[in-house]
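One structure is given here, and the rest of the page talks about it.
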Amino acid sequence: MNRLAIILAQFQFWPDQGSTLAGDVDRLFWTLTGVCGTILLAIAFVIIYFLAKYRRSNPNVDRSLGDKPTLPAEATWTVIPFFIFIGMFIWGSIIYFHKNQVPREAIEIEVIGKQWMWKIQHPEGKKEINELHVPLGKTIKLIMTSQDVIHDFGLPAFRVKEDVLPGRYTTEWFTPTKTGVFRIFCNQYCGTDHANMTGQVYVMEPQAYAAWLRSGMNPTPIVQAGGELYRSLGCSGCHEPNGVVRAPSLHGLFGHPVPLQDGRVVIADERYLRDCILLNYEIPASYEPVMPSFAGRLSEDQIYQLIAYIKSLAANEPETASVP
Amino acid sequence: MANGTSTIDVGTEEFPALPGQEKGTLTGWIQDLVFTVDHKKLGLLYIGTAWLFFVAAGIMATLIRLQVAWPGNHVVDPATFNALFTMHGTIMIFWVAMPLIFGFANYVVPLQIGARDMAFPRLNAFSFWLTFFSGCLLMFSYVAGPSLYGASGPPQVAWFALAPLTSRAFYPGPSVDYWSLSLLVSGIGSVTGGVNVMTTIFCYRTKGMTLYRMPLFTWATLTTMFLVVVFLPPLSAAQIMLTLQRYAGAKFFEPLAGGSPILWQHFFWIFGHPEVYILVLPAFGILSEVIPVFSRKPIFGYPMMVAAIVLIGFVSAGVWAHHMFTVGLNSFSVTFFAFATLVIAIPTGLKIFNWVGTMYGGKIRYELPMLFCLAFILQFLIAGLTGVMLGVAPFDWQLNDSYFVVAHFHYVIVGGIVFGIFAGTYYWYPKAFGRMMDNRLGLWHFWLFLIGFHLTFDPQHFSGILGMPRRIYTYQPGRGWEIWNLLSTIGAFFQAAGALLFVINLFWSAWKGKEAGEDPWDAWTLEWETTSPPPDYNFETLPEVRSRRPLWDLKHPEDPDWKFE
C-alpha cells in the first residue's frame, strides 16, 4: 500500500502557481482543456458508435440515406467550432494584452544570458549568477539581453517565458504571490550545455530582501555606474549643454518620440538608445551623424548601465533648458 | 529457341543486353534502378529511401529517449546528444517524410489520373537522386574529416538551427555546412519534384478526368506540391544567406553589425509551418481514399473536402509566426498569427467531420488500412486541439519550447502523418507488388505501434506542463518529470518493435504474400483498373472517365455514378 502511494506520488500533473499571472493562465488552460476534451470525447463517441453500428457484419441496420444534401451538416460543423475557437481567441487575447501592460511601479532587474549562465544585476548594483532574489508581492520587470546566441528565460511557476536575444532587449514581468524557491530554465536551445543553463528564483519577504540587498559588499548602483561611464567615455562632452559638438540633449529623452532624419518618428526606448550607442544609424532630425560607434568597446553590462543612466535623466528636470 | 519451334514476332525480338545489364543479374538490377525514369520505380525508390532513413533516425530517437530516461543518466555525452536530436529532426522531416510524400505522389498520382508516366520523367529521376544524395551528404558529416577552420562532426544546432548559433564563432568546423548545404540540395530536388507532379496533374489527366472528378489524394497532392514550390525557396534562400554569412562576411543575422537576430526564424518558419501541411495534406488524401473504400460509400461532401484542402493550403501561408510568440514580436503580429492559427483549425475540423460522415450509413470493413485511418482521426484530433491551445498566445509563456510542444508535433507527425502513411502503404502495397501484406504481422504492427506511440508521447504533455524544456540532455531529480520520461522511453521501444515488424512485413509479403489480383479492396479509382504490379506503360488503353468513381461505373453498369453528376 505504502509502495503504491510512493509510485502514485510520482505522477505530478501541474506546476506550482507562483505569480499573479498563473491564475489567469491556468483558468484559461482548464477551460480550454475542458472544451477540447468535450469535443474529443463527443467525436470519439460518434466514431465508435458508427463503427459498431455500421460494421459490415451487422445486417439489421438501415443504410438507406436517400439523397440528403451534405451542405447543411457541413455548415453546422464549420460554424459551431468557428465560434468556439473565436471565443478562445478573444479570451486568450485579453490575457495577452493584460500581460503586455507592464505595471508602472516595477523593480527593473537586468538579465544577461550567455553560454551557459545567467548574469543578473539589481538596480542597487548587487550582482548574482544563476540566482534571482526578489521580494514578495512587488512587480518585477526583467530587462534581458544576450551576449552571444538566443536564450530563453523561462519561469514555469510564474507562467512567463521570453526569448533573450543578442542585440535586443526583451522584457518579462511577474508579481510573485508566495515565498519559496522556483526554477529558471533556458528554454531555447543554445549550444552544448543548454541543459545546464538553469537557476533558481528566491521569493523573499520584502524585509528579508532588503536585508539581502545590504549584505555582502557594497556595490555601485547601476544608475551611478552609468553616470560614471557617461562622463568617462566622453558622452557628456557633447550631449550636455555647452558641449563642443552640437548633439541632442538626453534629458527627458527616454520614452518620448524622436523625429528622425528619414522622416520616421520613433519612441526613445531601450532599443533605440542601444542602437544609437552601438550602430548609430537612426539619426535624429537636424543633427549630423558624427557620433562614433561604441560597438565592441562596451560590455553588455556597461551598455545597460548607460541606458539606465539615460533613463534616469528622463525623470529629472533638465539641468538647463535646452532650446534648439 | 534451340529446338526452333518458337516463332519470332516482328518487333519483339530482344537485343542482347550490354555486359553488366543482363536481366536477372545483380548488376543488371542495380543499373535498372539507377537509370530508371519510370515513375513507379522512382516512387518505390523514394519510399525505400525514406524507410532507410526512417530506421536511422528511429535509432537516433531511441538513443535520445535512453539518455533522458531518468535524471542524470549518461548514455551519450552532451555534444553527441545535441547532434542526435538535430539529425533526428532534420532527417525525419527532409529524408523520411518528404520522400514518402514524393514517393506516394510518384507512384499513385499518374495511375489515379490515367497517365502513362510523369510529365518530365528524367527530371523525376533527377529530383529523386538529389534527395537521396543530399541525405547521404548529411549523414557523411558523421565520418567527415576536419576542414581548414576546425573539426567536423554532425551538426549540433537543432533542426531549426537558430541564428546566430550557426555562426562560425560558435561552430567553426564544417558541421553546420553539412546541414545547410544538404538542405539546399534537397530543396532543389523537392522543388523540381513539385513542379513535375503539378505539371503531370494539370496536363496528363486522361480523357474525362476533370479537376472536379479528380480523386482526393490527387487533389491533396496537387495542393501539397503547390506549397512545396512556393515555400521551399525561402528555406533555400536562408541557407544561401547562412553560407554567405559564414564564409563571405555577410551580416544578415549578426546583431552587432545591424543584422537581425530573428530574421532567420522568420525565413525558417515561413517554410517551416507550411511544411507541416505539405506533409499532412497527402495523409489527408490517403484517408479520403481509404475511408470511403472501407466504408463502402462515396466520400461525404466531395466539394467541401476539396475546398478544405485548398483553403488549408492558403491559410498555411499566414501562420508561421505562431512559432515565435516568445521572441518579443509586437502585439499586433501575435494577435494576427494567433487568429490565423485558430482559423486553420476550421477546414481541418471539417475534414474530420466529413470522414466521420462517410462512415455514417456505411458497411465498414476493419482491414488494416482502415484501422490506421481510425487511429489517425482520433490522434490527429488530439494534435489539432493541443495545437489550438498552443495557438492561444498566453499558453506559450508556459508551454513554448517545452516537452508539451514535442508531444504536440509528434502527435501531428507520428500520430497523424506516419499513421496515414502506414494506411497508404497497406492500401497500395498490393498494387505495387501484386501481393497482400501479411495480416497477422500487420495487426501486431498496428497494436504495438499504437501502444508505443501513446506510451511515448502522452506522458510528454505532462512533463511539458511541468516545465521540462526541449533539447536538454539531462535534468535533476525532484522536478516531477521522472515517471513521465521513464514511461516515454519504454514507449519508444514498443514503437521500435512495431516498426521492425512493419519492415519485416514489407520484405516477407513481397516474397510470400497472398496473390492480390488487380483490385483486392474492390476500390473505385483508376489505379485498380490495371494489373498489379502495373506494366511499364500503366494502362493498355488509356481509360475514359465519366464520374469520380470510374471503377464503380465499370462494375455497376446498371447504376453508374455519372447519372448523378
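Chain identifiers are assigned as A, B, and so on, following the order in which chains appear in the C-alpha cells; residues are numbered from 1 within each chain, and ligands are numbered from 1 in order of appearance.
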| request: Name the residues of segment 366-480 of chain B that come out as alpha helix (DSSP H) in a backbone DSSP run; write them as a PyMOL selection string. | output: chain B and resi 368-391+393-399+403-410+419-433+439-465
| Surrounding residues of Ala220 of chain B excluding itself and chain neighbours under 5 positions, 8 Å, only C-alpha atoms, as a VMD selection string | chain B and resid 281 to 282 284 to 285 306 309
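Look at Arg63 of chain A: the protein and nucleic acid residues within 12 Å of it, using only C-alpha atoms and passing over chain neighbours fewer than 6 places away, are Phe50, Lys53, Tyr54, Arg55 and Arg56 of chain A; Ser295, Arg296, Lys297, Thr358, Met359, Tyr360, Gly361, Gly362, Lys363 and Ile364 of chain B.
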| message | Give me, as a ChimeraX atom specification, all polymer residues having an atom no more than 7 Å from Ile184 of chain A, counting only C-alpha atoms and skipping those fewer than 2 positions away in the same chain. | response | /A:153-155,182,186,198-201
Preceding selection exported with all heavy atoms as a short mmCIF file (atom, residue, chain, number, x, y, z; two decimals), in the first residue's frame:
data_model
loop_
_atom_site.label_atom_id
_atom_site.label_comp_id
_atom_site.auth_asym_id
_atom_site.auth_seq_id
_atom_site.Cartn_x
_atom_site.Cartn_y
_atom_site.Cartn_z
N PHE A 153 14.44 32.89 -21.10
CA PHE A 153 14.34 32.91 -19.65
C PHE A 153 12.95 32.43 -19.26
O PHE A 153 11.98 33.17 -19.33
CB PHE A 153 14.58 34.35 -19.16
CG PHE A 153 14.97 34.45 -17.71
CD1 PHE A 153 16.27 34.18 -17.32
CD2 PHE A 153 14.04 34.82 -16.76
CE1 PHE A 153 16.64 34.29 -15.98
CE2 PHE A 153 14.41 34.92 -15.42
CZ PHE A 153 15.72 34.67 -15.04
N GLY A 154 12.86 31.17 -18.91
CA GLY A 154 11.56 30.57 -18.61
C GLY A 154 11.38 30.32 -17.12
O GLY A 154 12.25 29.77 -16.46
N LEU A 155 10.23 30.76 -16.61
CA LEU A 155 9.90 30.55 -15.20
C LEU A 155 8.55 29.85 -15.13
O LEU A 155 7.51 30.49 -15.06
CB LEU A 155 9.81 31.90 -14.47
CG LEU A 155 11.05 32.79 -14.54
CD1 LEU A 155 10.70 34.21 -14.16
CD2 LEU A 155 12.10 32.23 -13.61
N PHE A 182 11.91 28.81 -6.80
CA PHE A 182 11.31 28.38 -8.07
C PHE A 182 12.41 28.23 -9.11
O PHE A 182 13.51 28.76 -8.93
CB PHE A 182 10.26 29.40 -8.53
CG PHE A 182 9.18 29.63 -7.52
CD1 PHE A 182 9.27 30.67 -6.61
CD2 PHE A 182 8.09 28.78 -7.46
CE1 PHE A 182 8.28 30.87 -5.66
CE2 PHE A 182 7.10 28.97 -6.52
CZ PHE A 182 7.19 30.02 -5.62
N CYS A 186 16.57 27.63 -19.20
CA CYS A 186 16.74 28.18 -20.53
C CYS A 186 15.93 27.29 -21.46
O CYS A 186 16.17 26.09 -21.53
CB CYS A 186 18.20 28.18 -20.96
SG CYS A 186 18.37 28.75 -22.66
N THR A 198 20.45 26.51 -15.98
CA THR A 198 19.27 26.60 -15.11
C THR A 198 19.59 27.50 -13.93
O THR A 198 20.72 27.95 -13.77
CB THR A 198 18.89 25.21 -14.59
OG1 THR A 198 20.03 24.68 -13.91
CG2 THR A 198 18.50 24.29 -15.71
N GLY A 199 18.60 27.75 -13.12
CA GLY A 199 18.83 28.58 -11.94
C GLY A 199 17.63 28.57 -11.03
O GLY A 199 16.68 27.82 -11.26
N GLN A 200 17.70 29.38 -9.99
CA GLN A 200 16.59 29.45 -9.03
C GLN A 200 16.17 30.88 -8.80
O GLN A 200 17.00 31.79 -8.77
CB GLN A 200 16.99 28.87 -7.67
CG GLN A 200 17.03 27.38 -7.61
CD GLN A 200 18.43 26.85 -7.86
OE1 GLN A 200 19.39 27.46 -7.41
NE2 GLN A 200 18.53 25.75 -8.58
N VAL A 201 14.86 31.04 -8.61
CA VAL A 201 14.33 32.32 -8.13
C VAL A 201 14.01 32.13 -6.66
O VAL A 201 13.34 31.17 -6.28
CB VAL A 201 13.06 32.70 -8.89
CG1 VAL A 201 12.55 34.04 -8.39
CG2 VAL A 201 13.30 32.76 -10.37
#
Each chain B residue no farther than 6 Å from chain A, nearest pair in Å, only C-alpha atoms, as JSON lines:
{"residue": "B:Ala79", "atom": "CA", "partner": "A:Thr192", "partner_atom": "CA", "distance": 5.6}
{"residue": "B:Pro164", "atom": "CA", "partner": "A:Val149", "partner_atom": "CA", "distance": 5.5}
{"residue": "B:Leu165", "atom": "CA", "partner": "A:Val149", "partner_atom": "CA", "distance": 5.4}
{"residue": "B:Pro255", "atom": "CA", "partner": "A:Gly167", "partner_atom": "CA", "distance": 5.0}
{"residue": "B:Gly301", "atom": "CA", "partner": "A:Thr70", "partner_atom": "CA", "distance": 5.7}
{"residue": "B:Thr326", "atom": "CA", "partner": "A:Glu162", "partner_atom": "CA", "distance": 4.8}
{"residue": "B:Val327", "atom": "CA", "partner": "A:Asp163", "partner_atom": "CA", "distance": 4.8}
{"residue": "B:Gly361", "atom": "CA", "partner": "A:Arg63", "partner_atom": "CA", "distance": 4.8}
{"residue": "B:Gly362", "atom": "CA", "partner": "A:Tyr54", "partner_atom": "CA", "distance": 5.6}
{"residue": "B:Lys363", "atom": "CA", "partner": "A:Arg56", "partner_atom": "CA", "distance": 4.5}
{"residue": "B:Ile364", "atom": "CA", "partner": "A:Arg55", "partner_atom": "CA", "distance": 4.6}
{"residue": "B:Arg365", "atom": "CA", "partner": "A:Arg56", "partner_atom": "CA", "distance": 5.9}
{"residue": "B:Val392", "atom": "CA", "partner": "A:Gly92", "partner_atom": "CA", "distance": 5.5}
{"residue": "B:Pro394", "atom": "CA", "partner": "A:Tyr96", "partner_atom": "CA", "distance": 5.7}
{"residue": "B:Trp397", "atom": "CA", "partner": "A:Val160", "partner_atom": "CA", "distance": 4.6}
{"residue": "B:Gln398", "atom": "CA", "partner": "A:Arg159", "partner_atom": "CA", "distance": 4.8}
{"residue": "B:Asp401", "atom": "CA", "partner": "A:Asn187", "partner_atom": "CA", "distance": 5.7}
{"residue": "B:Phe462", "atom": "CA", "partner": "A:Phe13", "partner_atom": "CA", "distance": 5.8}
{"residue": "B:Leu466", "atom": "CA", "partner": "A:Pro15", "partner_atom": "CA", "distance": 5.1}
{"residue": "B:Gly467", "atom": "CA", "partner": "A:Pro156", "partner_atom": "CA", "distance": 5.4}
{"residue": "B:Pro469", "atom": "CA", "partner": "A:Asn187", "partner_atom": "CA", "distance": 5.3}
{"residue": "B:Ile472", "atom": "CA", "partner": "A:Ala195", "partner_atom": "CA", "distance": 4.2}
{"residue": "B:Tyr473", "atom": "CA", "partner": "A:Ala195", "partner_atom": "CA", "distance": 5.8}
{"residue": "B:Gly480", "atom": "CA", "partner": "A:Gln12", "partner_atom": "CA", "distance": 5.7}
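Atom CA of Leu242 of chain B is positioned 10.3 Å from atom CA of Ala161 of chain B.
Relative to atom CA of Asn196 of chain B, atom CA of Phe422 of chain B is found at 24.8 Å.
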| said: I need the residues in segment 20-206 of chain A that are strand (DSSP E or B) according to DSSP; give them as a PyMOL selection string. | reply: chain A and resi 55+107-114+117-121+127-129+131-135+140-146+151-155+160-164+166+170-174+176+180-186+198-204
| task | Take atom CA of Pro292 of chain A and atom CA of Cys235 of chain A and report the distance between them in Å, one decimal. | result | 10.3 Å
| request: Would you list the contacts of segment 53-55 of chain B as an MDAnalysis selection string, taking every protein, DNA or RNA residue within 10 Å and counting only C-alpha atoms, but skipping same-chain residues closer than 5 positions in sequence? | output: chainID B and resid 47:48 60:61 88 91:97 99 132 135:136 139 496 499:500 503
Keeping only N, CA, C and O atoms, write those residues as a CSV table (one decimal), in the first residue's frame.
chain,number,residue,atom,x,y,z
B,47,ILE,N,10.3,5.8,-51.6
B,47,ILE,CA,9.7,5.2,-50.4
B,47,ILE,C,10.8,4.4,-49.7
B,47,ILE,O,10.9,4.4,-48.5
B,48,GLY,N,11.6,3.6,-50.5
B,48,GLY,CA,12.6,2.8,-49.9
B,48,GLY,C,13.7,3.7,-49.2
B,48,GLY,O,14.1,3.4,-48.1
B,60,MET,N,18.3,6.9,-33.7
B,60,MET,CA,18.7,8.1,-33.0
B,60,MET,C,17.7,8.5,-32.0
B,60,MET,O,18.0,8.8,-30.8
B,61,ALA,N,16.4,8.4,-32.3
B,61,ALA,CA,15.3,8.7,-31.4
B,61,ALA,C,15.4,7.8,-30.2
B,61,ALA,O,15.2,8.3,-29.0
B,88,HIS,N,18.1,13.7,-35.9
B,88,HIS,CA,16.8,13.0,-35.9
B,88,HIS,C,15.7,13.9,-36.5
B,88,HIS,O,15.0,13.5,-37.4
B,91,ILE,N,16.5,14.7,-40.4
B,91,ILE,CA,16.3,13.5,-41.3
B,91,ILE,C,14.8,13.1,-41.3
B,91,ILE,O,14.3,12.9,-42.4
B,92,MET,N,14.2,13.1,-40.2
B,92,MET,CA,12.8,12.7,-40.2
B,92,MET,C,11.9,13.6,-41.1
B,92,MET,O,11.0,13.1,-41.8
B,93,ILE,N,12.2,14.9,-41.1
B,93,ILE,CA,11.4,15.8,-41.9
B,93,ILE,C,11.8,15.7,-43.4
B,93,ILE,O,11.0,15.5,-44.3
B,94,PHE,N,13.1,15.8,-43.7
B,94,PHE,CA,13.6,16.1,-45.0
B,94,PHE,C,13.9,14.8,-45.8
B,94,PHE,O,13.8,14.7,-47.0
B,95,TRP,N,14.2,13.7,-45.1
B,95,TRP,CA,14.6,12.5,-45.8
B,95,TRP,C,13.7,11.3,-45.4
B,95,TRP,O,14.0,10.2,-45.8
B,96,VAL,N,12.7,11.5,-44.6
B,96,VAL,CA,11.7,10.5,-44.3
B,96,VAL,C,10.4,11.0,-44.8
B,96,VAL,O,9.8,10.4,-45.8
B,97,ALA,N,9.9,12.0,-44.2
B,97,ALA,CA,8.5,12.5,-44.5
B,97,ALA,C,8.4,13.0,-46.0
B,97,ALA,O,7.6,12.6,-46.7
B,99,PRO,N,10.4,12.4,-48.7
B,99,PRO,CA,10.5,11.3,-49.7
B,99,PRO,C,9.2,10.4,-49.7
B,99,PRO,O,8.8,9.9,-50.8
B,132,PHE,N,18.2,11.8,-52.6
B,132,PHE,CA,19.0,10.6,-52.0
B,132,PHE,C,20.4,11.1,-51.6
B,132,PHE,O,20.8,10.9,-50.5
B,135,GLY,N,20.7,13.5,-48.6
B,135,GLY,CA,20.6,12.8,-47.4
B,135,GLY,C,22.0,12.1,-47.1
B,135,GLY,O,22.4,12.1,-45.9
B,136,CYS,N,22.6,11.5,-48.1
B,136,CYS,CA,23.9,10.9,-47.9
B,136,CYS,C,24.9,12.0,-47.4
B,136,CYS,O,25.8,11.7,-46.6
B,139,MET,N,24.5,12.6,-43.8
B,139,MET,CA,25.0,11.5,-43.0
B,139,MET,C,26.5,11.5,-43.0
B,139,MET,O,27.1,11.0,-42.0
B,496,ALA,N,9.6,0.9,-31.7
B,496,ALA,CA,10.7,0.3,-32.4
B,496,ALA,C,10.3,-1.1,-32.8
B,496,ALA,O,10.5,-1.5,-34.0
B,499,ALA,N,7.7,-1.0,-35.6
B,499,ALA,CA,8.3,-0.5,-36.9
B,499,ALA,C,9.1,-1.7,-37.5
B,499,ALA,O,9.1,-1.9,-38.7
B,500,LEU,N,9.8,-2.5,-36.6
B,500,LEU,CA,10.6,-3.6,-37.1
B,500,LEU,C,9.7,-4.6,-37.7
B,500,LEU,O,10.0,-5.1,-38.8
B,503,VAL,N,8.8,-3.4,-41.2
B,503,VAL,CA,9.8,-3.6,-42.2
B,503,VAL,C,9.9,-5.1,-42.6
B,503,VAL,O,10.0,-5.4,-43.8
| Nearest to Val102 of chain A, chosen from A:Ile120, A:Leu250, A:Ile129, A:Leu142, with only C-alpha atoms counted in the distances | A:Leu142
| said: Set the distance at 12 Å and use only C-alpha atoms: which residues neighbour Val290 of chain B once local chain neighbours fewer than 2 positions away are removed? I'd like the list as an MDAnalysis selection string. | reply: chainID B and resid 215:217 283:288 292:299 355 358:359 364:374 376 420:428 521:525
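Between Val134 of chain A and the residues A:Phe174, A:Tyr309, A:Tyr230, A:Phe83, the shortest atom-to-atom distance, using only C-alpha atoms, involves A:Phe174.
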| message | Set the distance at 12 Å and use only C-alpha atoms: which residues neighbour Asp458 of chain B once local chain neighbours fewer than 5 positions away are removed? I'd like the list as a PyMOL selection string. | response | chain B and resi 379+382-383+386+403-411+415+450-453+463-465+484-485+487-489+491-492
